[in-house]
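Engineer: You'll find input.cif just under this line, and it carries mmCIF, C-alpha atoms and all ligand atoms.
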```
data_target
#
loop_
_atom_site.group_PDB
_atom_site.id
_atom_site.type_symbol
_atom_site.label_atom_id
_atom_site.label_comp_id
_atom_site.auth_asym_id
_atom_site.auth_seq_id
_atom_site.Cartn_x
_atom_site.Cartn_y
_atom_site.Cartn_z
ATOM 1 C CA MET A 1 13.945 2.511 24.861
ATOM 2 C CA PHE A 2 12.125 2.284 21.567
ATOM 3 C CA PRO A 3 8.684 0.670 21.732
ATOM 4 C CA VAL A 4 8.355 -3.000 20.754
ATOM 5 C CA PHE A 5 5.025 -4.809 20.399
ATOM 6 C CA HIS A 6 5.042 -8.550 21.103
ATOM 7 C CA PHE A 7 2.442 -11.090 20.012
ATOM 8 C CA SER A 8 2.300 -14.615 18.676
ATOM 9 C CA VAL A 9 0.741 -16.473 15.764
ATOM 10 C CA GLY A 10 0.748 -20.178 16.673
ATOM 11 C CA ALA A 11 4.397 -21.229 16.909
ATOM 12 C CA PHE A 12 5.657 -17.874 15.603
ATOM 13 C CA THR A 13 6.849 -15.397 18.209
ATOM 14 C CA CYS A 14 6.432 -11.962 16.658
ATOM 15 C CA HIS A 15 7.784 -8.524 17.518
ATOM 16 C CA VAL A 16 6.943 -5.224 15.823
ATOM 17 C CA PHE A 17 9.402 -2.319 15.786
ATOM 18 C CA ASP A 18 8.578 1.233 14.757
ATOM 19 C CA ASP A 19 11.138 2.614 12.318
ATOM 20 C CA GLY A 20 9.653 6.096 12.877
ATOM 21 C CA THR A 21 6.247 7.750 13.272
ATOM 22 C CA SER A 22 5.217 11.177 12.031
ATOM 23 C CA LEU A 23 1.988 12.907 12.900
ATOM 24 C CA LEU A 24 0.038 13.819 9.762
ATOM 25 C CA SER A 25 -1.348 17.279 8.960
ATOM 26 C CA GLU A 26 -3.958 18.270 6.375
ATOM 27 C CA THR A 27 -1.087 19.457 4.169
ATOM 28 C CA ASP A 28 0.519 16.007 4.373
ATOM 29 C CA ILE A 29 -2.764 14.288 3.473
ATOM 30 C CA SER A 30 -3.360 16.639 0.527
ATOM 31 C CA ALA A 31 0.145 15.936 -0.773
ATOM 32 C CA MET A 32 -0.175 12.188 -0.240
ATOM 33 C CA PHE A 33 -3.578 11.875 -1.969
ATOM 34 C CA VAL A 34 -3.069 14.672 -4.458
ATOM 35 C CA HIS A 35 -5.781 13.501 -6.891
ATOM 36 C CA ASP A 36 -8.353 12.725 -4.188
ATOM 37 C CA ALA A 37 -7.776 15.362 -1.513
ATOM 38 C CA ALA A 38 -11.407 16.536 -1.595
ATOM 39 C CA ARG A 39 -12.588 12.958 -0.982
ATOM 40 C CA ILE A 40 -10.167 12.029 1.788
ATOM 41 C CA LEU A 41 -9.767 15.287 3.772
ATOM 42 C CA PRO A 42 -13.243 15.167 5.390
ATOM 43 C CA ILE A 43 -12.527 11.568 6.497
ATOM 44 C CA PHE A 44 -9.171 12.691 7.914
ATOM 45 C CA ARG A 45 -10.802 15.622 9.762
ATOM 46 C CA ALA A 46 -13.416 13.298 11.268
ATOM 47 C CA TYR A 47 -10.833 10.729 12.437
ATOM 48 C CA PRO A 48 -11.293 10.517 16.218
ATOM 49 C CA VAL A 49 -7.610 10.867 17.206
ATOM 50 C CA PRO A 50 -4.553 12.606 15.698
ATOM 51 C CA LEU A 51 -3.383 10.279 12.930
ATOM 52 C CA GLY A 52 0.223 9.180 12.743
ATOM 53 C CA MET A 53 1.998 7.316 9.979
ATOM 54 C CA SER A 54 4.375 4.680 11.313
ATOM 55 C CA ALA A 55 6.752 2.209 9.700
ATOM 56 C CA ASN A 56 6.031 -1.122 11.396
ATOM 57 C CA VAL A 57 8.747 -3.704 10.906
ATOM 58 C CA LEU A 58 7.853 -7.294 11.789
ATOM 59 C CA LEU A 59 10.384 -9.725 13.235
ATOM 60 C CA ILE A 60 9.357 -13.401 13.346
ATOM 61 C CA GLU A 61 11.137 -15.943 15.554
ATOM 62 C CA VAL A 62 10.638 -19.638 14.983
ATOM 63 C CA GLN A 63 12.841 -22.609 15.867
ATOM 64 C CA GLY A 64 15.897 -20.432 16.474
ATOM 65 C CA ARG A 65 15.459 -18.499 13.241
ATOM 66 C CA ARG A 66 14.929 -14.741 12.994
ATOM 67 C CA ILE A 67 13.075 -13.451 9.951
ATOM 68 C CA LEU A 68 12.713 -9.719 9.408
ATOM 69 C CA VAL A 69 10.014 -8.390 7.080
ATOM 70 C CA ASP A 70 11.375 -5.223 5.414
ATOM 71 C CA SER A 71 14.228 -3.123 6.738
ATOM 72 C CA GLY A 72 12.910 0.399 7.337
ATOM 73 C CA SER A 73 14.462 3.542 5.821
ATOM 74 C CA GLY A 74 17.932 3.319 7.306
ATOM 75 C CA LEU A 75 19.708 6.531 6.419
ATOM 76 C CA GLY A 76 17.915 6.817 3.065
ATOM 77 C CA ASP A 77 16.140 9.932 4.311
ATOM 78 C CA GLN A 78 18.741 12.031 6.146
ATOM 79 C CA ALA A 79 16.060 14.335 7.538
ATOM 80 C CA MET A 80 14.328 11.442 9.288
ATOM 81 C CA PRO A 81 16.703 8.515 9.791
ATOM 82 C CA GLY A 82 15.104 5.186 10.599
ATOM 83 C CA GLN A 83 15.437 3.892 14.138
ATOM 84 C CA LEU A 84 15.084 0.176 13.383
ATOM 85 C CA TRP A 85 18.761 -0.795 13.792
ATOM 86 C CA THR A 86 18.954 0.815 17.232
ATOM 87 C CA ALA A 87 15.574 -0.563 18.263
ATOM 88 C CA LEU A 88 16.569 -4.106 17.241
ATOM 89 C CA ARG A 89 19.874 -3.888 19.129
ATOM 90 C CA GLN A 90 18.216 -2.492 22.253
ATOM 91 C CA ALA A 91 15.669 -5.308 22.245
ATOM 92 C CA GLY A 92 18.383 -7.969 21.995
ATOM 93 C CA PHE A 93 18.150 -8.715 18.274
ATOM 94 C CA PRO A 94 21.373 -7.303 16.792
ATOM 95 C CA ALA A 95 21.543 -7.166 12.984
ATOM 96 C CA GLU A 96 24.079 -10.040 12.927
ATOM 97 C CA SER A 97 21.508 -12.350 14.524
ATOM 98 C CA ILE A 98 18.959 -11.934 11.711
ATOM 99 C CA ASP A 99 19.163 -14.881 9.301
ATOM 100 C CA THR A 100 16.529 -13.857 6.754
ATOM 101 C CA VAL A 101 15.217 -10.529 5.489
ATOM 102 C CA VAL A 102 12.099 -10.605 3.329
ATOM 103 C CA ILE A 103 11.606 -7.485 1.193
ATOM 104 C CA SER A 104 8.000 -6.716 0.206
ATOM 105 C CA HIS A 105 8.872 -4.100 -2.423
ATOM 106 C CA PHE A 106 11.691 -1.748 -3.325
ATOM 107 C CA HIS A 107 10.574 1.634 -1.957
ATOM 108 C CA MET A 108 13.228 3.269 0.211
ATOM 109 C CA ASP A 109 11.188 3.063 3.429
ATOM 110 C CA HIS A 110 11.339 -0.737 3.033
ATOM 111 C CA ILE A 111 14.833 -1.380 1.626
ATOM 112 C CA GLY A 112 16.766 1.669 2.908
ATOM 113 C CA GLY A 113 17.789 -0.186 6.066
ATOM 114 C CA LEU A 114 19.722 -2.846 4.148
ATOM 115 C CA LEU A 115 22.834 -0.650 3.714
ATOM 116 C CA ASN A 116 24.819 1.393 6.231
ATOM 117 C CA THR A 117 26.541 4.748 5.616
ATOM 118 C CA ASP A 118 29.549 2.967 4.096
ATOM 119 C CA ASN A 119 27.263 1.195 1.618
ATOM 120 C CA GLN A 120 27.904 -2.129 3.329
ATOM 121 C CA ALA A 121 25.305 -4.767 4.196
ATOM 122 C CA VAL A 122 23.708 -4.085 7.586
ATOM 123 C CA PHE A 123 22.650 -7.733 7.928
ATOM 124 C CA PRO A 124 25.893 -9.641 7.373
ATOM 125 C CA ASN A 125 24.386 -13.103 7.913
ATOM 126 C CA ALA A 126 20.963 -12.726 6.334
ATOM 127 C CA HIS A 127 19.527 -14.295 3.216
ATOM 128 C CA LEU A 128 17.516 -11.771 1.279
ATOM 129 C CA ILE A 129 14.213 -13.011 -0.146
ATOM 130 C CA THR A 130 12.089 -10.965 -2.516
ATOM 131 C CA SER A 131 9.681 -11.470 -5.392
ATOM 132 C CA ARG A 132 11.085 -12.037 -8.852
ATOM 133 C CA PRO A 133 8.634 -9.627 -10.564
ATOM 134 C CA GLU A 134 9.601 -6.819 -8.159
ATOM 135 C CA TYR A 135 13.296 -7.416 -8.739
ATOM 136 C CA SER A 136 12.894 -7.676 -12.525
ATOM 137 C CA HIS A 137 10.898 -4.439 -12.634
ATOM 138 C CA TRP A 138 13.285 -2.282 -10.599
ATOM 139 C CA MET A 139 16.558 -3.815 -11.704
ATOM 140 C CA SER A 140 15.997 -3.798 -15.457
ATOM 141 C CA GLU A 141 18.553 -1.550 -17.144
ATOM 142 C CA SER A 142 15.833 0.438 -18.893
ATOM 143 C CA PHE A 143 14.018 1.200 -15.610
ATOM 144 C CA LEU A 144 17.231 2.051 -13.739
ATOM 145 C CA ALA A 145 18.219 4.425 -16.559
ATOM 146 C CA GLY A 146 15.033 6.450 -15.958
ATOM 147 C CA LEU A 147 15.623 6.898 -12.208
ATOM 148 C CA GLU A 148 17.564 9.704 -10.517
ATOM 149 C CA PRO A 149 21.230 8.625 -10.638
ATOM 150 C CA LYS A 150 21.440 8.623 -6.835
ATOM 151 C CA ARG A 151 18.469 6.272 -6.590
ATOM 152 C CA SER A 152 19.664 3.841 -9.247
ATOM 153 C CA ALA A 153 23.171 3.772 -7.732
ATOM 154 C CA ARG A 154 21.659 2.970 -4.353
ATOM 155 C CA LEU A 155 19.578 0.111 -5.772
ATOM 156 C CA ARG A 156 22.572 -1.355 -7.592
ATOM 157 C CA LYS A 157 24.746 -1.091 -4.464
ATOM 158 C CA THR A 158 22.083 -2.714 -2.299
ATOM 159 C CA PHE A 159 21.717 -5.788 -4.464
ATOM 160 C CA GLU A 160 25.476 -6.028 -5.080
ATOM 161 C CA GLN A 161 25.991 -6.266 -1.323
ATOM 162 C CA TYR A 162 23.500 -9.128 -1.007
ATOM 163 C CA ALA A 163 24.153 -10.744 -4.411
ATOM 164 C CA ASN A 164 25.568 -14.019 -3.088
ATOM 165 C CA ARG A 165 22.614 -14.587 -0.750
ATOM 166 C CA LEU A 166 19.728 -13.184 -2.754
ATOM 167 C CA GLU A 167 16.797 -15.517 -3.328
ATOM 168 C CA LEU A 168 14.240 -14.456 -5.935
ATOM 169 C CA VAL A 169 10.947 -16.291 -5.586
ATOM 170 C CA ASP A 170 7.628 -16.267 -7.355
ATOM 171 C CA PRO A 171 4.842 -14.533 -5.457
ATOM 172 C CA ASP A 172 2.521 -17.108 -3.928
ATOM 173 C CA THR A 173 5.411 -19.142 -2.571
ATOM 174 C CA GLU A 174 5.769 -20.735 0.841
ATOM 175 C CA ILE A 175 9.212 -19.376 1.706
ATOM 176 C CA MET A 176 9.416 -21.503 4.850
ATOM 177 C CA PRO A 177 6.864 -23.666 6.624
ATOM 178 C CA GLY A 178 3.866 -21.486 7.516
ATOM 179 C CA ILE A 179 5.259 -18.297 5.932
ATOM 180 C CA CYS A 180 3.930 -17.453 2.455
ATOM 181 C CA LEU A 181 4.770 -14.579 0.187
ATOM 182 C CA ILE A 182 1.535 -13.489 -1.513
ATOM 183 C CA PRO A 183 1.147 -11.246 -4.569
ATOM 184 C CA LEU A 184 -0.521 -7.885 -3.828
ATOM 185 C CA PRO A 185 0.318 -5.932 -6.997
ATOM 186 C CA GLY A 186 -0.425 -2.297 -7.736
ATOM 187 C CA HIS A 187 1.444 -0.330 -5.103
ATOM 188 C CA THR A 188 4.457 -1.510 -7.095
ATOM 189 C CA PRO A 189 4.326 -4.159 -9.841
ATOM 190 C CA GLY A 190 5.738 -6.933 -7.650
ATOM 191 C CA HIS A 191 4.523 -5.734 -4.238
ATOM 192 C CA CYS A 192 3.951 -8.741 -1.939
ATOM 193 C CA GLY A 193 2.387 -9.391 1.434
ATOM 194 C CA ILE A 194 3.130 -12.075 4.004
ATOM 195 C CA ASP A 195 0.685 -14.681 5.225
ATOM 196 C CA LEU A 196 1.582 -16.451 8.486
ATOM 197 C CA ASN A 197 -0.226 -19.677 9.288
ATOM 198 C CA SER A 198 0.544 -21.786 12.344
ATOM 199 C CA GLN A 199 -1.487 -24.051 14.604
ATOM 200 C CA GLY A 200 -4.771 -22.670 13.306
ATOM 201 C CA GLN A 201 -3.753 -19.029 13.824
ATOM 202 C CA ARG A 202 -3.079 -16.627 10.979
ATOM 203 C CA LEU A 203 -1.790 -13.149 10.240
ATOM 204 C CA LEU A 204 -2.086 -11.338 6.929
ATOM 205 C CA HIS A 205 0.553 -8.604 6.677
ATOM 206 C CA PHE A 206 -0.649 -6.572 3.697
ATOM 207 C CA ILE A 207 2.278 -4.091 3.839
ATOM 208 C CA ASP A 208 1.412 -1.005 1.692
ATOM 209 C CA THR A 209 -1.850 -2.245 0.149
ATOM 210 C CA VAL A 210 -3.612 0.236 2.454
ATOM 211 C CA HIS A 211 -1.472 3.090 3.830
ATOM 212 C CA LEU A 212 -3.786 4.593 6.430
ATOM 213 C CA PRO A 213 -7.006 3.598 8.201
ATOM 214 C CA ILE A 214 -8.770 6.597 6.599
ATOM 215 C CA GLN A 215 -8.689 4.622 3.312
ATOM 216 C CA LEU A 216 -10.848 1.781 4.675
ATOM 217 C CA ASN A 217 -14.051 3.396 3.441
ATOM 218 C CA ALA A 218 -12.419 5.098 0.462
ATOM 219 C CA GLU A 219 -10.789 2.117 -1.220
ATOM 220 C CA GLU A 220 -10.696 3.904 -4.572
ATOM 221 C CA VAL A 221 -8.372 6.566 -3.158
ATOM 222 C CA SER A 222 -4.737 5.909 -4.021
ATOM 223 C CA PRO A 223 -1.764 7.742 -2.576
ATOM 224 C CA THR A 224 0.749 9.141 -5.054
ATOM 225 C CA TYR A 225 3.031 6.221 -4.123
ATOM 226 C CA ASP A 226 0.765 3.656 -5.825
ATOM 227 C CA ALA A 227 2.603 2.998 -9.092
ATOM 228 C CA GLN A 228 -0.384 1.330 -10.804
ATOM 229 C CA PRO A 229 -3.481 2.840 -9.162
ATOM 230 C CA GLU A 230 -6.002 0.625 -10.965
ATOM 231 C CA PHE A 231 -4.302 -2.575 -9.822
ATOM 232 C CA ALA A 232 -3.714 -1.088 -6.381
ATOM 233 C CA ILE A 233 -7.429 -0.319 -5.980
ATOM 234 C CA ALA A 234 -8.468 -3.827 -7.076
ATOM 235 C CA THR A 235 -5.919 -5.401 -4.708
ATOM 236 C CA ARG A 236 -7.023 -3.134 -1.844
ATOM 237 C CA ARG A 237 -10.688 -4.079 -2.330
ATOM 238 C CA ALA A 238 -9.893 -7.790 -2.444
ATOM 239 C CA VAL A 239 -7.676 -7.670 0.666
ATOM 240 C CA LEU A 240 -10.133 -5.629 2.721
ATOM 241 C CA ASP A 241 -13.057 -7.865 1.732
ATOM 242 C CA ARG A 242 -11.063 -10.941 2.703
ATOM 243 C CA ALA A 243 -9.963 -9.388 6.008
ATOM 244 C CA VAL A 244 -13.598 -8.685 6.918
ATOM 245 C CA ARG A 245 -15.030 -11.951 5.601
ATOM 246 C CA GLU A 246 -12.459 -14.158 7.326
ATOM 247 C CA ALA A 247 -12.199 -11.948 10.462
ATOM 248 C CA ARG A 248 -8.462 -12.011 9.840
ATOM 249 C CA LEU A 249 -5.804 -10.595 12.096
ATOM 250 C CA VAL A 250 -4.032 -8.161 9.778
ATOM 251 C CA MET A 251 -0.944 -5.988 9.842
ATOM 252 C CA ALA A 252 -0.303 -2.768 7.908
ATOM 253 C CA TYR A 253 3.184 -1.314 7.533
ATOM 254 C CA HIS A 254 2.138 2.351 7.853
ATOM 255 C CA PHE A 255 -0.883 2.226 10.191
ATOM 256 C CA PRO A 256 -0.253 3.755 13.644
ATOM 257 C CA PHE A 257 2.208 1.553 15.587
ATOM 258 C CA PRO A 258 2.062 -1.425 15.845
ATOM 259 C CA GLY A 259 -0.382 -1.624 12.928
ATOM 260 C CA ILE A 260 -1.932 -4.934 14.032
ATOM 261 C CA GLY A 261 -5.653 -5.483 14.362
ATOM 262 C CA HIS A 262 -8.932 -6.463 12.773
ATOM 263 C CA ILE A 263 -11.145 -4.720 10.254
ATOM 264 C CA GLN A 264 -14.798 -4.900 11.190
ATOM 265 C CA GLN A 265 -17.776 -4.083 9.057
ATOM 266 C CA LYS A 266 -20.488 -2.320 11.077
ATOM 267 C CA ASP A 267 -23.427 -0.250 9.896
ATOM 268 C CA GLY A 268 -22.214 -0.366 6.303
ATOM 269 C CA SER A 269 -18.715 0.906 6.992
ATOM 270 C CA LYS A 270 -15.358 -0.572 7.901
ATOM 271 C CA HIS A 271 -13.661 0.128 11.216
ATOM 272 C CA TRP A 272 -10.056 -0.393 12.302
ATOM 273 C CA MET A 273 -9.908 -2.278 15.612
ATOM 274 C CA PRO A 274 -6.243 -2.128 16.677
ATOM 275 C CA LEU A 275 -4.765 -4.742 18.958
ATOM 276 C CA THR A 276 -3.447 -2.945 22.006
ATOM 277 C CA SER A 277 -1.965 -5.783 24.021
HETATM 278 ZN ZN ZN A 301 5.911 2.060 2.507
#
```
What is this file in structure tokens?
Structural biologist:
Amino acid sequence: MFPVFHFSVGAFTCHVFDDGTSLLSETDISAMFVHDAARILPIFRAYPVPLGMSANVLLIEVQGRRILVDSGSGLGDQAMPGQLWTALRQAGFPAESIDTVVISHFHMDHIGGLLNTDNQAVFPNAHLITSRPEYSHWMSESFLAGLEPKRSARLRKTFEQYANRLELVDPDTEIMPGICLIPLPGHTPGHCGIDLNSQGQRLLHFIDTVHLPIQLNAEEVSPTYDAQPEFAIATRRAVLDRAVREARLVMAYHFPFPGIGHIQQKDGSKHWMPLTS
């Protein structure tokens, strides 16, 4: 059985699935933070436990609805296929039962799970919700023309398959009661997080605003995946400050599974306090 982490936020019953975890080496960290390796490597070496990078996919259940936030890698990376589809099925949430998929941004580890090997929609009954700026950025003809042909073909195929049930929304939109899409630009131009708010309880899922807990005290360090580092740094600072100030329960897509916890400020530095049960 694949691990599943269960928790709730007011009326929302939440489950987190791990699409795949890989243990990180110094070589991985140097490649990921290529411009800031000297800054981040000592923090990585001092991290108290071996650090893994997960892909935490959130499933929200409310009033008979099932809302998935991102779709994992699917078979986008043949060397490391995502395990989300199998994990969902095993836990009793087959793909057909998902009625909404919210996509935070268009990197393959977030949208790869939308298509199967035959280039068909994996979620036959789901509405697809994503931010208009993200869609406009990736799907403009001029941007697609600059991508590897395989990548652009994959993007076109993905949105063709969901074309009749695609909903483009402005960031900062309540997509259903208590579930808001919030703009967190920089990682990609239209990158969005999710803010859950129910019965006085909240969760801020900041997706890829911060990739690893070793960035908490090195906010200015951007991984190579941040498309607009300056915006990404400003967004990261704002999100981390808010998480500390409001003692928010937060979720991070790539923190060690399940990537849920609090960020505490102690003795002048920030600490990741994961939720374990
Ligand atoms: Zn990612």
Engineer: Quick one: of A:Pro223, A:Gly146, A:Gly92, A:Pro274, who's nearest to ligand ZN 301 (chain A), counting only C-alpha atoms and all ligand atoms?
Structural biologist: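 Counting only C-alpha atoms and all ligand atoms, the residue closest to ligand ZN 301 (chain A) is A:Pro223.
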Engineer: Could you produce a table of the residues of chain A lying within 8 Å of ligand ZN 301 (chain A), with the nearest pair of atoms per residue and their separation in Å rounded to one decimal, using only C-alpha atoms and all ligand atoms, ordered by chain and increasing residue number, as CSV?
Structural biologist:
```
residue,atom,partner,partner_atom,distance
A:Ala55,CA,A:ZN301,ZN,7.2
A:His107,CA,A:ZN301,ZN,6.5
A:Met108,CA,A:ZN301,ZN,7.8
A:Asp109,CA,A:ZN301,ZN,5.5
A:His110,CA,A:ZN301,ZN,6.1
A:Ile207,CA,A:ZN301,ZN,7.3
A:Asp208,CA,A:ZN301,ZN,5.5
A:His211,CA,A:ZN301,ZN,7.6
A:Tyr253,CA,A:ZN301,ZN,6.6
A:His254,CA,A:ZN301,ZN,6.5
```
Engineer: For the PyMOL selection byres (((chain A and resi 262) around 12) and not hetatm), applied here, can you spell out every residue it catches as number ranges by chain?
Structural biologist: A: 202-205, 213, 216, 240-252, 259-261, 263-265, 270-276
Engineer: Give me, as CSV, each residue of stretch 17-103 of chain A that comes within 10 Å of stretch 114-124 of chain A, together with its shortest interatomic pair and the distance in Å at one decimal, counting all atoms listed in the file, with rows ordered by chain and rising residue number.
Structural biologist:
```
residue,atom,partner,partner_atom,distance
A:Asp70,CA,A:Leu114,CA,8.8
A:Ser71,CA,A:Leu114,CA,6.1
A:Gly72,CA,A:Leu114,CA,8.2
A:Ser73,CA,A:Leu114,CA,8.4
A:Gly74,CA,A:Leu114,CA,7.2
A:Leu75,CA,A:Thr117,CA,7.1
A:Gly76,CA,A:Leu115,CA,9.0
A:Trp85,CA,A:Val122,CA,8.6
A:Pro94,CA,A:Phe123,CA,9.0
A:Ala95,CA,A:Phe123,CA,5.2
A:Glu96,CA,A:Phe123,CA,5.7
A:Ser97,CA,A:Phe123,CA,8.1
A:Ile98,CA,A:Phe123,CA,6.8
A:Asp99,CA,A:Phe123,CA,8.1
A:Thr100,CA,A:Phe123,CA,8.7
A:Val101,CA,A:Phe123,CA,8.3
A:Ile103,CA,A:Leu114,CA,9.8
```
Engineer: Closest to A:Cys14 among A:Leu84, A:Ile67, A:Ala234, A:Ile194, using all atoms listed in the file?
Structural biologist: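 Checking each of A:Leu84, A:Ile67, A:Ala234, A:Ile194 against A:Cys14, counting all atoms listed in the file, the winner is A:Ile67.
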Engineer: Could you jot down the atom CA of A:Glu167 to atom CA of A:Thr188 separation for me, Å, one decimal place?
Structural biologist: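 Rounded to one decimal, the two atoms are 19.0 Å apart.
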Engineer: If I take atom CA of A:Ala11 and atom CA of A:Ile182, how far is one from the other in Å, to one decimal?
Structural biologist: 20.2 Å
Engineer: I would like the residues chosen by the PyMOL selection byres (((chain A and resi 226) around 9) and not hetatm) on the shown file; could you give them as a list in words?
Structural biologist: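 Those residues are Gly186, His187, Thr188, Asp208, Thr209, Ser222, Pro223, Thr224, Tyr225, Ala227, Gln228, Pro229, Phe231 and Ala232 of chain A.
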Engineer: Quick test: take stretch 97-104 of chain A, keep all heavy atoms, and write it as a PDB file, in the first residue's frame.
Structural biologist:
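So the final result, stored in out-v1.pdb, reads:
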```pdb
ATOM      1  N   SER A  97     -13.788   8.957 -10.064  1.00  0.00           N
ATOM      2  CA  SER A  97     -14.587   9.558  -8.988  1.00  0.00           C
ATOM      3  C   SER A  97     -14.169  10.991  -8.665  1.00  0.00           C
ATOM      4  O   SER A  97     -14.782  11.651  -7.833  1.00  0.00           O
ATOM      5  CB  SER A  97     -14.479   8.696  -7.729  1.00  0.00           C
ATOM      6  OG  SER A  97     -13.201   8.848  -7.127  1.00  0.00           O
ATOM      7  N   ILE A  98     -13.113  11.476  -9.322  1.00  0.00           N
ATOM      8  CA  ILE A  98     -12.640  12.842  -9.057  1.00  0.00           C
ATOM      9  C   ILE A  98     -13.453  13.806  -9.918  1.00  0.00           C
ATOM     10  O   ILE A  98     -13.523  13.637 -11.134  1.00  0.00           O
ATOM     11  CB  ILE A  98     -11.133  12.988  -9.422  1.00  0.00           C
ATOM     12  CG1 ILE A  98     -10.283  11.902  -8.735  1.00  0.00           C
ATOM     13  CG2 ILE A  98     -10.620  14.401  -9.133  1.00  0.00           C
ATOM     14  CD1 ILE A  98     -10.204  11.981  -7.237  1.00  0.00           C
ATOM     15  N   ASP A  99     -14.091  14.815  -9.303  1.00  0.00           N
ATOM     16  CA  ASP A  99     -14.919  15.703 -10.132  1.00  0.00           C
ATOM     17  C   ASP A  99     -14.245  17.022 -10.486  1.00  0.00           C
ATOM     18  O   ASP A  99     -14.692  17.722 -11.390  1.00  0.00           O
ATOM     19  CB  ASP A  99     -16.311  15.949  -9.517  1.00  0.00           C
ATOM     20  CG  ASP A  99     -16.239  16.514  -8.129  1.00  0.00           C
ATOM     21  OD1 ASP A  99     -15.943  17.706  -7.994  1.00  0.00           O
ATOM     22  OD2 ASP A  99     -16.466  15.738  -7.174  1.00  0.00           O
ATOM     23  N   THR A 100     -13.158  17.353  -9.777  1.00  0.00           N
ATOM     24  CA  THR A 100     -12.443  18.592 -10.099  1.00  0.00           C
ATOM     25  C   THR A 100     -10.948  18.373  -9.924  1.00  0.00           C
ATOM     26  O   THR A 100     -10.521  17.755  -8.944  1.00  0.00           O
ATOM     27  CB  THR A 100     -12.872  19.731  -9.136  1.00  0.00           C
ATOM     28  OG1 THR A 100     -14.300  19.853  -9.179  1.00  0.00           O
ATOM     29  CG2 THR A 100     -12.248  21.060  -9.518  1.00  0.00           C
ATOM     30  N   VAL A 101     -10.164  18.858 -10.868  1.00  0.00           N
ATOM     31  CA  VAL A 101      -8.707  18.888 -10.693  1.00  0.00           C
ATOM     32  C   VAL A 101      -8.289  20.347 -10.820  1.00  0.00           C
ATOM     33  O   VAL A 101      -8.619  21.013 -11.799  1.00  0.00           O
ATOM     34  CB  VAL A 101      -7.955  18.033 -11.743  1.00  0.00           C
ATOM     35  CG1 VAL A 101      -6.448  18.096 -11.494  1.00  0.00           C
ATOM     36  CG2 VAL A 101      -8.428  16.576 -11.718  1.00  0.00           C
ATOM     37  N   VAL A 102      -7.597  20.829  -9.788  1.00  0.00           N
ATOM     38  CA  VAL A 102      -7.072  22.197  -9.817  1.00  0.00           C
ATOM     39  C   VAL A 102      -5.585  22.091 -10.139  1.00  0.00           C
ATOM     40  O   VAL A 102      -4.864  21.329  -9.488  1.00  0.00           O
ATOM     41  CB  VAL A 102      -7.259  22.899  -8.451  1.00  0.00           C
ATOM     42  CG1 VAL A 102      -6.752  24.336  -8.503  1.00  0.00           C
ATOM     43  CG2 VAL A 102      -8.714  22.862  -8.009  1.00  0.00           C
ATOM     44  N   ILE A 103      -5.138  22.827 -11.146  1.00  0.00           N
ATOM     45  CA  ILE A 103      -3.715  22.779 -11.529  1.00  0.00           C
ATOM     46  C   ILE A 103      -3.044  24.087 -11.101  1.00  0.00           C
ATOM     47  O   ILE A 103      -3.459  25.174 -11.504  1.00  0.00           O
ATOM     48  CB  ILE A 103      -3.570  22.551 -13.057  1.00  0.00           C
ATOM     49  CG1 ILE A 103      -4.089  21.153 -13.445  1.00  0.00           C
ATOM     50  CG2 ILE A 103      -2.129  22.754 -13.522  1.00  0.00           C
ATOM     51  CD1 ILE A 103      -3.263  19.979 -12.946  1.00  0.00           C
ATOM     52  N   SER A 104      -2.000  23.962 -10.268  1.00  0.00           N
ATOM     53  CA  SER A 104      -1.328  25.143  -9.717  1.00  0.00           C
ATOM     54  C   SER A 104      -0.435  25.832 -10.741  1.00  0.00           C
ATOM     55  O   SER A 104      -0.292  27.044 -10.747  1.00  0.00           O
ATOM     56  CB  SER A 104      -0.485  24.738  -8.503  1.00  0.00           C
ATOM     57  OG  SER A 104       0.564  23.865  -8.905  1.00  0.00           O
TER      58      SER A 104
END
```
